[in-house]
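Worksheet: the structure to be examined is printed underneath.
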Amino acid sequence: MAIGYFLGRRGRDFTILEAAEQPAAAWRGRWDSLELFTSARYDSLPGLAFPGDPVRYPTRDEVVEYLSLYARHFELPVELGSRVRSISRAEHGYRVALDDREYEADQVVVATGPFQMPRMPAAAESLGAEVAQLHSSAYRSPDAISAGTVLVVGGGNTGYQIAEELSRWHEVHLAVGSRQKPFPQRILGRDLFWYLEAAGLIRKSTATRIGRRLAGRDTLIGSSPKALRRDHGVELHERAIAAEGSTVSFSDATSLEVGTVIWATGFEVDHSWIDVPVFDEGGRLVHRRGVTESAGLYFLGLSWQHSRGSALLGWVKEDAEFIAQQIERPQ
Ligand SMILES: Cc1cc2nc3c(=O)[nH]c(=O)nc-3n(C[C@H](O)[C@H](O)[C@H](O)COP(=O)(O)OP(=O)(O)OC[C@H]3O[C@@H](n4cnc5c(N)ncnc54)[C@H](O)[C@@H]3O)c2cc1C
């Protein structure tokens, strides 16, 4: 949407191909009670402010509404139900293949998001059939979780939010593999992102030493191990390393009998459908701020594409504008 805004303003001929049948698909697929960790002040795409009180933390459904409004407001040419199956080089530019049609494009921007394939640890396969297990991307609300002990695996923002929500109804345990640095959502009455913005940290690129240090560590926003234990009675464990039947064992040689496991273990990107030589031997995309070595092929919205803001609603505009400028350059 952000790159669409800039291309539209430049009068470019373009289309946006979206696999889902409705806009804002990634957000529609997240759990019901999700609240953003960025306040509304920091949730605007270019050109249209996120509506309502800027200091509140919007819900999932508000983001869906805002993104749908955004597409209508700027009359963005979004073609729904249009999954791209492959991108390959053509004589001039690229061939973009869908199930039912093909496009030839001089330039292509891949903006398929950083959260595509649920990452499941190997231990998931050894859990007995009597244990209900799901990835966090399939979790919607507590009603669907049956009685019994719940283990949430993964100590990021997702794991913490789901563990906290379920603690009202269940005995909940949280396994944390690598501790993330906890930050309060508000400090002295101001949003955490106000400080990151004021100190310039949100824009520090991975070309700087501080940017590289920040990129190497995830942050936990608005939660902490202490508060989860004290306020919600959730018991914390070390990394979950193995499972057998209904027993999950942890790296400190302790174990737990479980009824349900929720894997809040993150996502992998899937670029396997891009048939252009822009990946290294390990399959990682090679790019400079989203610009690849293959002329006219760009990426947008990757985690740390350029800075912490690259995959956040309120800051993606900066990379989007940068890519729009690259598109304008003679090839
Ligand atoms: C649990 C969670 C909470 C978050 N909270 C916040 C927050 O508080 N504030 C914030 O700023 N950010 C937050 N984020 C990050 C934010 O959601 C993402 O970084 C942002 O949505 C990325 O937007 P995107 O458009 O790049 O990707 P996505 O929103 O993932 O959209 C990618 C789109 O591409 C489509 N697609 C994928 N493959 C294809 C294909 N082959 N062909 C056609 N279409 C395809 C998908 O259907 C999808 O609609 C959160 C993320 C998660 C997972």
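By order of appearance in the structure tokens: chains A, B, ..., then residues from 1 within every chain, and ligands from 1 in the order shown.
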Tell me, as JSON, numbers by chain, which residues lie within 7 Å of segment 33-40 of chain A, counting only C-alpha atoms; anything in the same chain fewer than 4 positions away does not count. {"A": [50, 54, 55, 56, 57, 58, 59, 60, 221]}
Could you write out the selected residues, including all heavy atoms, as a tab-separated table (two decimals), in the first residue's frame?
chain	number	residue	atom	x	y	z
A	50	PHE	N	-3.72	7.69	10.80
A	50	PHE	CA	-4.52	6.66	11.46
A	50	PHE	C	-5.55	7.39	12.31
A	50	PHE	O	-5.20	8.24	13.11
A	50	PHE	CB	-3.61	5.78	12.33
A	50	PHE	CG	-4.23	4.46	12.68
A	50	PHE	CD1	-3.87	3.32	11.98
A	50	PHE	CD2	-5.19	4.35	13.67
A	50	PHE	CE1	-4.45	2.10	12.28
A	50	PHE	CE2	-5.78	3.13	13.97
A	50	PHE	CZ	-5.40	2.00	13.27
A	54	PRO	N	-4.54	9.63	19.14
A	54	PRO	CA	-3.20	9.17	18.76
A	54	PRO	C	-2.44	8.44	19.86
A	54	PRO	O	-1.47	7.75	19.57
A	54	PRO	CB	-2.47	10.46	18.38
A	54	PRO	CG	-3.24	11.56	19.02
A	54	PRO	CD	-4.65	11.10	19.16
A	55	VAL	N	-2.88	8.57	21.12
A	55	VAL	CA	-2.09	7.90	22.16
A	55	VAL	C	-2.57	6.49	22.47
A	55	VAL	O	-1.93	5.75	23.20
A	55	VAL	CB	-1.99	8.71	23.49
A	55	VAL	CG1	-1.33	10.04	23.28
A	55	VAL	CG2	-3.34	8.85	24.15
A	56	ARG	N	-3.71	6.08	21.88
A	56	ARG	CA	-4.19	4.74	22.21
A	56	ARG	C	-3.47	3.68	21.35
A	56	ARG	O	-2.84	4.00	20.35
A	56	ARG	CB	-5.70	4.64	21.97
A	56	ARG	CG	-6.06	4.44	20.53
A	56	ARG	CD	-7.54	4.58	20.30
A	56	ARG	NE	-7.92	4.08	18.98
A	56	ARG	CZ	-7.60	4.66	17.83
A	56	ARG	NH1	-6.86	5.75	17.80
A	56	ARG	NH2	-8.00	4.14	16.68
A	57	TYR	N	-3.62	2.42	21.78
A	57	TYR	CA	-3.02	1.30	21.05
A	57	TYR	C	-4.13	0.61	20.27
A	57	TYR	O	-4.98	-0.05	20.88
A	57	TYR	CB	-2.30	0.35	22.02
A	57	TYR	CG	-1.15	1.06	22.68
A	57	TYR	CD1	-1.32	1.69	23.92
A	57	TYR	CD2	0.07	1.17	22.05
A	57	TYR	CE1	-0.29	2.40	24.50
A	57	TYR	CE2	1.12	1.87	22.62
A	57	TYR	CZ	0.93	2.50	23.84
A	57	TYR	OH	1.96	3.22	24.40
A	58	PRO	N	-4.18	0.78	18.96
A	58	PRO	CA	-5.31	0.23	18.18
A	58	PRO	C	-5.39	-1.30	18.23
A	58	PRO	O	-4.39	-1.97	18.50
A	58	PRO	CB	-5.00	0.71	16.76
A	58	PRO	CG	-4.09	1.85	16.91
A	58	PRO	CD	-3.26	1.56	18.13
A	59	THR	N	-6.57	-1.79	17.95
A	59	THR	CA	-6.80	-3.24	17.90
A	59	THR	C	-6.53	-3.75	16.48
A	59	THR	O	-6.43	-2.97	15.53
A	59	THR	CB	-8.26	-3.56	18.24
A	59	THR	OG1	-9.08	-2.93	17.25
A	59	THR	CG2	-8.64	-3.07	19.63
A	60	ARG	N	-6.51	-5.07	16.38
A	60	ARG	CA	-6.35	-5.72	15.07
A	60	ARG	C	-7.40	-5.20	14.09
A	60	ARG	O	-7.10	-4.86	12.95
A	60	ARG	CB	-6.50	-7.23	15.27
A	60	ARG	CG	-6.49	-8.03	14.01
A	60	ARG	CD	-7.07	-9.41	14.22
A	60	ARG	NE	-8.51	-9.36	14.44
A	60	ARG	CZ	-9.28	-10.43	14.64
A	60	ARG	NH1	-8.73	-11.62	14.69
A	60	ARG	NH2	-10.58	-10.31	14.82
A	221	ILE	N	7.92	-5.60	24.28
A	221	ILE	CA	7.35	-4.29	24.57
A	221	ILE	C	6.10	-4.42	25.42
A	221	ILE	O	5.13	-5.07	25.03
A	221	ILE	CB	7.06	-3.51	23.26
A	221	ILE	CG1	8.37	-3.32	22.51
A	221	ILE	CG2	6.39	-2.17	23.55
A	221	ILE	CD1	8.23	-2.85	21.11
Counting only C-alpha atoms and all ligand atoms, what residues are within 7 Å of ligand 1, given as an NGL selection string? :A and (17-20 or 23-27 or 30 or 35-38 or 43 or 82-85 or 111-116 or 158 or 300-302 or 311-314)
Can I get the selected residues back with N, CA, C and O atoms, as a CSV table (one decimal), in the first residue's frame?
chain,number,residue,atom,x,y,z
A,17,LEU,N,-0.8,-6.9,-6.7
A,17,LEU,CA,-1.4,-8.3,-6.7
A,17,LEU,C,-1.4,-8.8,-5.3
A,17,LEU,O,-0.3,-8.9,-4.7
A,18,GLU,N,-2.6,-9.2,-4.8
A,18,GLU,CA,-2.7,-9.6,-3.4
A,18,GLU,C,-3.4,-11.0,-3.5
A,18,GLU,O,-4.4,-11.2,-4.0
A,19,ALA,N,-2.7,-12.0,-2.8
A,19,ALA,CA,-3.2,-13.4,-2.8
A,19,ALA,C,-4.6,-13.5,-2.2
A,19,ALA,O,-5.4,-14.3,-2.7
A,20,ALA,N,-4.8,-12.8,-1.1
A,20,ALA,CA,-6.0,-13.0,-0.3
A,20,ALA,C,-7.2,-12.4,-1.0
A,20,ALA,O,-7.1,-11.6,-1.9
A,23,PRO,N,-8.5,-7.2,1.5
A,23,PRO,CA,-7.2,-6.5,1.9
A,23,PRO,C,-6.9,-6.7,3.4
A,23,PRO,O,-7.7,-7.2,4.2
A,24,ALA,N,-5.6,-6.4,3.7
A,24,ALA,CA,-5.1,-6.5,5.1
A,24,ALA,C,-5.2,-8.0,5.6
A,24,ALA,O,-5.5,-8.2,6.8
A,25,ALA,N,-4.9,-8.9,4.7
A,25,ALA,CA,-5.0,-10.3,5.1
A,25,ALA,C,-4.2,-10.8,6.3
A,25,ALA,O,-4.6,-11.5,7.1
A,26,ALA,N,-2.9,-10.3,6.3
A,26,ALA,CA,-2.1,-10.7,7.4
A,26,ALA,C,-2.7,-10.3,8.7
A,26,ALA,O,-2.6,-11.1,9.7
A,27,TRP,N,-3.3,-9.2,8.8
A,27,TRP,CA,-3.9,-8.7,10.1
A,27,TRP,C,-5.1,-9.5,10.4
A,27,TRP,O,-5.4,-9.8,11.5
A,30,ARG,N,-4.7,-12.6,12.4
A,30,ARG,CA,-4.0,-12.6,13.8
A,30,ARG,C,-5.1,-12.8,14.9
A,30,ARG,O,-6.3,-12.7,14.6
A,35,GLU,N,-3.6,-6.2,20.3
A,35,GLU,CA,-3.5,-4.8,20.4
A,35,GLU,C,-2.1,-4.4,19.9
A,35,GLU,O,-1.1,-5.1,20.2
A,36,LEU,N,-2.0,-3.4,19.1
A,36,LEU,CA,-0.7,-3.0,18.6
A,36,LEU,C,0.3,-2.6,19.7
A,36,LEU,O,-0.2,-2.1,20.8
A,37,PHE,N,1.6,-2.8,19.5
A,37,PHE,CA,2.5,-2.2,20.5
A,37,PHE,C,3.0,-0.8,20.1
A,37,PHE,O,3.7,-0.1,20.8
A,38,THR,N,2.5,-0.4,18.9
A,38,THR,CA,2.8,1.0,18.5
A,38,THR,C,1.5,1.8,18.7
A,38,THR,O,0.4,1.3,18.2
A,43,ASP,N,1.1,4.7,13.6
A,43,ASP,CA,0.6,3.6,12.8
A,43,ASP,C,0.1,4.1,11.4
A,43,ASP,O,-0.6,3.3,10.7
A,82,SER,N,-5.2,-12.9,-6.1
A,82,SER,CA,-4.2,-12.9,-7.2
A,82,SER,C,-2.8,-13.3,-6.6
A,82,SER,O,-1.9,-12.5,-6.4
A,83,ARG,N,-2.7,-14.6,-6.3
A,83,ARG,CA,-1.4,-15.1,-5.7
A,83,ARG,C,-0.4,-15.2,-6.9
A,83,ARG,O,-0.7,-15.8,-7.9
A,84,VAL,N,0.8,-14.6,-6.7
A,84,VAL,CA,1.8,-14.8,-7.6
A,84,VAL,C,2.5,-16.1,-7.4
A,84,VAL,O,2.9,-16.4,-6.3
A,85,ARG,N,2.6,-16.9,-8.4
A,85,ARG,CA,3.2,-18.2,-8.3
A,85,ARG,C,4.7,-18.2,-8.6
A,85,ARG,O,5.5,-19.0,-8.1
A,111,ALA,N,6.5,-7.3,-1.9
A,111,ALA,CA,6.2,-6.8,-0.6
A,111,ALA,C,5.3,-7.8,0.1
A,111,ALA,O,4.2,-7.5,0.6
A,112,THR,N,5.8,-9.0,0.2
A,112,THR,CA,4.9,-10.1,0.7
A,112,THR,C,5.1,-10.3,2.2
A,112,THR,O,4.6,-11.3,2.7
A,113,GLY,N,5.7,-9.4,2.9
A,113,GLY,CA,5.8,-9.4,4.3
A,113,GLY,C,6.8,-10.3,4.9
A,113,GLY,O,7.3,-11.3,4.3
A,114,PRO,N,7.2,-10.0,6.1
A,114,PRO,CA,8.2,-10.8,6.8
A,114,PRO,C,7.7,-12.0,7.5
A,114,PRO,O,8.5,-12.8,8.0
A,115,PHE,N,6.4,-12.2,7.5
A,115,PHE,CA,5.9,-13.3,8.4
A,115,PHE,C,5.0,-14.3,7.5
A,115,PHE,O,3.8,-14.1,7.4
A,116,GLN,N,5.7,-15.2,6.8
A,116,GLN,CA,5.0,-16.0,5.9
A,116,GLN,C,4.7,-17.4,6.3
A,116,GLN,O,3.6,-17.9,6.4
A,158,THR,N,4.5,-12.0,20.9
A,158,THR,CA,3.3,-12.8,20.7
A,158,THR,C,3.1,-13.8,21.8
A,158,THR,O,2.0,-14.0,22.4
A,300,LEU,N,10.3,-4.9,-0.3
A,300,LEU,CA,9.9,-3.9,0.7
A,300,LEU,C,9.2,-4.5,1.8
A,300,LEU,O,8.5,-5.5,1.6
A,301,GLY,N,9.4,-4.0,3.0
A,301,GLY,CA,8.7,-4.5,4.2
A,301,GLY,C,9.4,-5.6,4.9
A,301,GLY,O,8.9,-6.3,5.8
A,302,LEU,N,10.7,-5.9,4.6
A,302,LEU,CA,11.5,-6.9,5.3
A,302,LEU,C,11.9,-6.5,6.6
A,302,LEU,O,12.1,-5.3,6.8
A,311,ALA,N,9.8,-2.6,9.0
A,311,ALA,CA,8.6,-3.5,9.0
A,311,ALA,C,7.6,-3.0,10.0
A,311,ALA,O,6.9,-3.8,10.6
A,312,LEU,N,7.5,-1.7,10.2
A,312,LEU,CA,6.5,-1.1,11.1
A,312,LEU,C,5.6,-0.2,10.3
A,312,LEU,O,6.1,0.6,9.4
A,313,LEU,N,4.3,-0.2,10.6
A,313,LEU,CA,3.4,0.6,9.8
A,313,LEU,C,3.8,2.1,9.7
A,313,LEU,O,3.7,2.6,8.6
A,314,GLY,N,4.3,2.7,10.8
A,314,GLY,CA,4.5,4.1,10.8
A,314,GLY,C,5.8,4.5,10.1
A,314,GLY,O,6.0,5.7,9.9
Please return, as a PDB file with N, CA and C atoms, in the first residue's frame, all residues of segment 142-315 of chain A that DSSP assigns to strand (DSSP E or B) on the basis of the backbone.
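Generated output (out-v1.pdb):
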ATOM      1  N   VAL A 150      -1.687 -25.309  29.750  1.00  0.00           N
ATOM      2  CA  VAL A 150      -1.255 -24.772  28.454  1.00  0.00           C
ATOM      3  C   VAL A 150       0.211 -24.370  28.546  1.00  0.00           C
ATOM      4  N   LEU A 151       0.994 -24.808  27.570  1.00  0.00           N
ATOM      5  CA  LEU A 151       2.372 -24.341  27.459  1.00  0.00           C
ATOM      6  C   LEU A 151       2.476 -23.474  26.214  1.00  0.00           C
ATOM      7  N   VAL A 152       2.894 -22.222  26.417  1.00  0.00           N
ATOM      8  CA  VAL A 152       3.182 -21.358  25.269  1.00  0.00           C
ATOM      9  C   VAL A 152       4.701 -21.384  25.089  1.00  0.00           C
ATOM     10  N   VAL A 153       5.157 -21.667  23.871  1.00  0.00           N
ATOM     11  CA  VAL A 153       6.595 -21.730  23.621  1.00  0.00           C
ATOM     12  C   VAL A 153       6.993 -20.512  22.799  1.00  0.00           C
ATOM     13  N   VAL A 172      -1.118 -21.642  32.971  1.00  0.00           N
ATOM     14  CA  VAL A 172      -0.298 -21.358  31.777  1.00  0.00           C
ATOM     15  C   VAL A 172       1.192 -21.336  32.129  1.00  0.00           C
ATOM     16  N   HIS A 173       1.983 -21.926  31.250  1.00  0.00           N
ATOM     17  CA  HIS A 173       3.442 -21.914  31.371  1.00  0.00           C
ATOM     18  C   HIS A 173       4.007 -21.291  30.094  1.00  0.00           C
ATOM     19  N   LEU A 174       5.125 -20.610  30.244  1.00  0.00           N
ATOM     20  CA  LEU A 174       5.757 -19.998  29.069  1.00  0.00           C
ATOM     21  C   LEU A 174       7.219 -20.443  29.005  1.00  0.00           C
ATOM     22  N   ALA A 175       7.609 -21.027  27.883  1.00  0.00           N
ATOM     23  CA  ALA A 175       9.012 -21.422  27.694  1.00  0.00           C
ATOM     24  C   ALA A 175       9.717 -20.343  26.879  1.00  0.00           C
ATOM     25  N   LYS A 181      15.000  -8.265  25.567  1.00  0.00           N
ATOM     26  CA  LYS A 181      15.093  -7.161  26.527  1.00  0.00           C
ATOM     27  C   LYS A 181      13.712  -6.532  26.705  1.00  0.00           C
ATOM     28  N   PRO A 182      13.164  -6.524  27.955  1.00  0.00           N
ATOM     29  CA  PRO A 182      11.834  -5.932  28.140  1.00  0.00           C
ATOM     30  C   PRO A 182      11.882  -4.409  28.245  1.00  0.00           C
ATOM     31  N   PHE A 183      10.941  -3.773  27.573  1.00  0.00           N
ATOM     32  CA  PHE A 183      10.792  -2.318  27.660  1.00  0.00           C
ATOM     33  C   PHE A 183       9.356  -1.997  28.037  1.00  0.00           C
ATOM     34  N   ARG A 186       5.108   2.561  28.036  1.00  0.00           N
ATOM     35  CA  ARG A 186       5.140   4.005  28.280  1.00  0.00           C
ATOM     36  C   ARG A 186       6.159   4.299  29.366  1.00  0.00           C
ATOM     37  N   ILE A 187       6.916   5.375  29.176  1.00  0.00           N
ATOM     38  CA  ILE A 187       7.918   5.783  30.156  1.00  0.00           C
ATOM     39  C   ILE A 187       7.665   7.259  30.454  1.00  0.00           C
ATOM     40  N   ARG A 190       5.177   8.935  28.291  1.00  0.00           N
ATOM     41  CA  ARG A 190       5.353   8.969  26.841  1.00  0.00           C
ATOM     42  C   ARG A 190       5.556   7.564  26.298  1.00  0.00           C
ATOM     43  N   ASP A 191       5.091   7.368  25.054  1.00  0.00           N
ATOM     44  CA  ASP A 191       5.219   6.089  24.380  1.00  0.00           C
ATOM     45  C   ASP A 191       6.703   5.770  24.132  1.00  0.00           C
ATOM     46  N   THR A 219      13.101  -7.010  20.976  1.00  0.00           N
ATOM     47  CA  THR A 219      12.668  -6.346  22.206  1.00  0.00           C
ATOM     48  C   THR A 219      11.245  -6.751  22.553  1.00  0.00           C
ATOM     49  N   LEU A 220      11.025  -6.838  23.853  1.00  0.00           N
ATOM     50  CA  LEU A 220       9.729  -7.211  24.375  1.00  0.00           C
ATOM     51  C   LEU A 220       9.076  -5.919  24.838  1.00  0.00           C
ATOM     52  N   ILE A 221       7.922  -5.604  24.277  1.00  0.00           N
ATOM     53  CA  ILE A 221       7.352  -4.286  24.567  1.00  0.00           C
ATOM     54  C   ILE A 221       6.098  -4.416  25.419  1.00  0.00           C
ATOM     55  N   GLU A 235       3.917 -19.490  34.872  1.00  0.00           N
ATOM     56  CA  GLU A 235       5.219 -20.011  35.283  1.00  0.00           C
ATOM     57  C   GLU A 235       6.170 -20.020  34.090  1.00  0.00           C
ATOM     58  N   LEU A 236       7.378 -19.508  34.298  1.00  0.00           N
ATOM     59  CA  LEU A 236       8.329 -19.429  33.179  1.00  0.00           C
ATOM     60  C   LEU A 236       9.311 -20.591  33.193  1.00  0.00           C
ATOM     61  N   HIS A 237       9.682 -21.039  32.014  1.00  0.00           N
ATOM     62  CA  HIS A 237      10.632 -22.149  31.860  1.00  0.00           C
ATOM     63  C   HIS A 237      11.727 -21.729  30.897  1.00  0.00           C
ATOM     64  N   ALA A 240      12.258 -24.889  25.486  1.00  0.00           N
ATOM     65  CA  ALA A 240      11.675 -26.228  25.288  1.00  0.00           C
ATOM     66  C   ALA A 240      12.528 -26.944  24.252  1.00  0.00           C
ATOM     67  N   ILE A 241      13.071 -28.115  24.610  1.00  0.00           N
ATOM     68  CA  ILE A 241      14.014 -28.753  23.678  1.00  0.00           C
ATOM     69  C   ILE A 241      13.522 -30.085  23.125  1.00  0.00           C
ATOM     70  N   ALA A 242      12.579 -30.724  23.826  1.00  0.00           N
ATOM     71  CA  ALA A 242      12.128 -32.032  23.319  1.00  0.00           C
ATOM     72  C   ALA A 242      10.735 -32.318  23.843  1.00  0.00           C
ATOM     73  N   ALA A 243      10.082 -33.296  23.218  1.00  0.00           N
ATOM     74  CA  ALA A 243       8.744 -33.698  23.676  1.00  0.00           C
ATOM     75  C   ALA A 243       8.592 -35.191  23.460  1.00  0.00           C
ATOM     76  N   GLU A 244       7.796 -35.795  24.351  1.00  0.00           N
ATOM     77  CA  GLU A 244       7.461 -37.202  24.166  1.00  0.00           C
ATOM     78  C   GLU A 244       6.090 -37.404  24.767  1.00  0.00           C
ATOM     79  N   GLY A 245       5.149 -37.880  23.997  1.00  0.00           N
ATOM     80  CA  GLY A 245       3.775 -38.016  24.498  1.00  0.00           C
ATOM     81  C   GLY A 245       3.262 -36.659  24.936  1.00  0.00           C
ATOM     82  N   THR A 247       4.644 -34.974  27.510  1.00  0.00           N
ATOM     83  CA  THR A 247       5.690 -34.353  28.342  1.00  0.00           C
ATOM     84  C   THR A 247       6.621 -33.510  27.476  1.00  0.00           C
ATOM     85  N   VAL A 248       6.785 -32.269  27.911  1.00  0.00           N
ATOM     86  CA  VAL A 248       7.745 -31.393  27.211  1.00  0.00           C
ATOM     87  C   VAL A 248       8.925 -31.172  28.147  1.00  0.00           C
ATOM     88  N   SER A 249      10.152 -31.323  27.653  1.00  0.00           N
ATOM     89  CA  SER A 249      11.307 -31.069  28.514  1.00  0.00           C
ATOM     90  C   SER A 249      12.047 -29.813  28.088  1.00  0.00           C
ATOM     91  N   PHE A 250      12.701 -29.228  29.108  1.00  0.00           N
ATOM     92  CA  PHE A 250      13.337 -27.921  28.944  1.00  0.00           C
ATOM     93  C   PHE A 250      14.852 -28.052  29.102  1.00  0.00           C
ATOM     94  N   SER A 255      10.782 -30.786  33.317  1.00  0.00           N
ATOM     95  CA  SER A 255       9.788 -31.154  32.307  1.00  0.00           C
ATOM     96  C   SER A 255       8.386 -30.809  32.810  1.00  0.00           C
ATOM     97  N   LEU A 256       7.424 -30.899  31.906  1.00  0.00           N
ATOM     98  CA  LEU A 256       6.053 -30.487  32.236  1.00  0.00           C
ATOM     99  C   LEU A 256       5.073 -31.360  31.460  1.00  0.00           C
ATOM    100  N   GLU A 257       3.978 -31.745  32.146  1.00  0.00           N
ATOM    101  CA  GLU A 257       2.885 -32.457  31.475  1.00  0.00           C
ATOM    102  C   GLU A 257       1.949 -31.406  30.885  1.00  0.00           C
ATOM    103  N   THR A 260      -2.162 -28.607  26.118  1.00  0.00           N
ATOM    104  CA  THR A 260      -2.112 -27.835  24.858  1.00  0.00           C
ATOM    105  C   THR A 260      -0.747 -27.152  24.745  1.00  0.00           C
ATOM    106  N   VAL A 261      -0.203 -27.127  23.545  1.00  0.00           N
ATOM    107  CA  VAL A 261       1.030 -26.357  23.305  1.00  0.00           C
ATOM    108  C   VAL A 261       0.748 -25.337  22.203  1.00  0.00           C
ATOM    109  N   ILE A 262       1.090 -24.093  22.466  1.00  0.00           N
ATOM    110  CA  ILE A 262       0.986 -23.056  21.431  1.00  0.00           C
ATOM    111  C   ILE A 262       2.408 -22.635  21.078  1.00  0.00           C
ATOM    112  N   TRP A 263       2.754 -22.843  19.835  1.00  0.00           N
ATOM    113  CA  TRP A 263       4.119 -22.535  19.376  1.00  0.00           C
ATOM    114  C   TRP A 263       4.149 -21.075  18.906  1.00  0.00           C
ATOM    115  N   PHE A 267       8.229 -16.940  12.459  1.00  0.00           N
ATOM    116  CA  PHE A 267       7.928 -17.225  11.051  1.00  0.00           C
ATOM    117  C   PHE A 267       9.215 -17.258  10.233  1.00  0.00           C
ATOM    118  N   GLU A 268       9.118 -17.886   9.079  1.00  0.00           N
ATOM    119  CA  GLU A 268      10.209 -17.834   8.110  1.00  0.00           C
ATOM    120  C   GLU A 268       9.700 -17.082   6.885  1.00  0.00           C
ATOM    121  N   ILE A 274      10.462 -17.165  -6.175  1.00  0.00           N
ATOM    122  CA  ILE A 274      11.123 -16.106  -6.953  1.00  0.00           C
ATOM    123  C   ILE A 274      12.325 -16.716  -7.672  1.00  0.00           C
ATOM    124  N   ASP A 275      12.193 -16.832  -8.980  1.00  0.00           N
ATOM    125  CA  ASP A 275      13.172 -17.549  -9.774  1.00  0.00           C
ATOM    126  C   ASP A 275      14.134 -16.561 -10.440  1.00  0.00           C
ATOM    127  N   PHE A 279      19.708 -14.484  -4.513  1.00  0.00           N
ATOM    128  CA  PHE A 279      19.873 -15.108  -3.197  1.00  0.00           C
ATOM    129  C   PHE A 279      21.290 -15.667  -3.073  1.00  0.00           C
ATOM    130  N   LEU A 285      18.281 -13.469   0.800  1.00  0.00           N
ATOM    131  CA  LEU A 285      18.184 -12.405  -0.194  1.00  0.00           C
ATOM    132  C   LEU A 285      19.388 -11.472  -0.075  1.00  0.00           C
ATOM    133  N   ARG A 288      20.464  -4.183  -1.131  1.00  0.00           N
ATOM    134  CA  ARG A 288      20.875  -2.994  -0.402  1.00  0.00           C
ATOM    135  C   ARG A 288      19.629  -2.129  -0.260  1.00  0.00           C
ATOM    136  N   VAL A 291      17.056  -2.982  -2.715  1.00  0.00           N
ATOM    137  CA  VAL A 291      17.422  -2.948  -4.137  1.00  0.00           C
ATOM    138  C   VAL A 291      18.311  -4.160  -4.415  1.00  0.00           C
ATOM    139  N   LEU A 297      14.256  -5.249  -9.806  1.00  0.00           N
ATOM    140  CA  LEU A 297      13.602  -6.113  -8.815  1.00  0.00           C
ATOM    141  C   LEU A 297      13.904  -5.584  -7.413  1.00  0.00           C
ATOM    142  N   TYR A 298      12.844  -5.264  -6.692  1.00  0.00           N
ATOM    143  CA  TYR A 298      12.984  -4.638  -5.372  1.00  0.00           C
ATOM    144  C   TYR A 298      12.180  -5.413  -4.331  1.00  0.00           C
ATOM    145  N   PHE A 299      12.555  -5.231  -3.074  1.00  0.00           N
ATOM    146  CA  PHE A 299      11.812  -5.809  -1.954  1.00  0.00           C
ATOM    147  C   PHE A 299      11.435  -4.681  -1.004  1.00  0.00           C
TER     148      PHE A 299
END
Could you list, as an mmCIF file with N, CA and C atoms, in the first residue's frame, every residue within 12 Å of Gly200 of chain A, counting only C-alpha atoms and ignoring same-chain residues fewer than 2 positions away?
data_model
loop_
_atom_site.group_PDB
_atom_site.id
_atom_site.type_symbol
_atom_site.label_atom_id
_atom_site.label_comp_id
_atom_site.auth_asym_id
_atom_site.auth_seq_id
_atom_site.Cartn_x
_atom_site.Cartn_y
_atom_site.Cartn_z
ATOM 1 N N PHE A 193 8.031 4.484 21.632
ATOM 2 C CA PHE A 193 8.461 4.854 20.281
ATOM 3 C C PHE A 193 8.738 6.357 20.162
ATOM 4 N N TRP A 194 8.183 7.146 21.072
ATOM 5 C CA TRP A 194 8.506 8.572 21.095
ATOM 6 C C TRP A 194 10.009 8.736 21.383
ATOM 7 N N TYR A 195 10.509 7.948 22.327
ATOM 8 C CA TYR A 195 11.935 8.036 22.678
ATOM 9 C C TYR A 195 12.804 7.498 21.537
ATOM 10 N N LEU A 196 12.353 6.365 20.937
ATOM 11 C CA LEU A 196 13.143 5.784 19.831
ATOM 12 C C LEU A 196 13.227 6.765 18.667
ATOM 13 N N GLU A 197 12.115 7.480 18.455
ATOM 14 C CA GLU A 197 12.046 8.474 17.382
ATOM 15 C C GLU A 197 12.938 9.676 17.754
ATOM 16 N N ALA A 198 12.773 10.174 18.994
ATOM 17 C CA ALA A 198 13.520 11.370 19.408
ATOM 18 C C ALA A 198 15.025 11.103 19.392
ATOM 19 N N ILE A 202 15.060 4.614 15.785
ATOM 20 C CA ILE A 202 14.147 3.885 14.908
ATOM 21 C C ILE A 202 14.634 3.922 13.454
ATOM 22 N N ARG A 203 15.462 4.948 13.146
ATOM 23 C CA ARG A 203 15.939 5.096 11.758
ATOM 24 C C ARG A 203 17.391 4.657 11.580
ATOM 25 N N LYS A 204 18.017 4.191 12.668
ATOM 26 C CA LYS A 204 19.427 3.782 12.535
ATOM 27 C C LYS A 204 19.516 2.583 11.610
ATOM 28 N N SER A 205 20.323 2.701 10.587
ATOM 29 C CA SER A 205 20.367 1.616 9.610
ATOM 30 C C SER A 205 21.394 0.572 10.029
ATOM 31 N N ILE A 210 25.446 0.929 15.842
ATOM 32 C CA ILE A 210 24.309 0.811 16.765
ATOM 33 C C ILE A 210 23.131 0.098 16.088
ATOM 34 N N GLY A 211 22.956 0.371 14.790
ATOM 35 C CA GLY A 211 21.898 -0.311 14.040
ATOM 36 C C GLY A 211 22.119 -1.816 14.038
ATOM 37 N N SER A 307 16.196 -0.406 8.640
ATOM 38 C CA SER A 307 16.235 0.012 10.041
ATOM 39 C C SER A 307 15.121 -0.707 10.794
ATOM 40 N N ARG A 308 14.998 -0.442 12.093
ATOM 41 C CA ARG A 308 13.934 -1.062 12.889
ATOM 42 C C ARG A 308 12.566 -0.680 12.325
ATOM 43 N N GLY A 309 12.472 0.528 11.767
ATOM 44 C CA GLY A 309 11.187 1.000 11.260
ATOM 45 C C GLY A 309 10.748 0.307 9.965
#
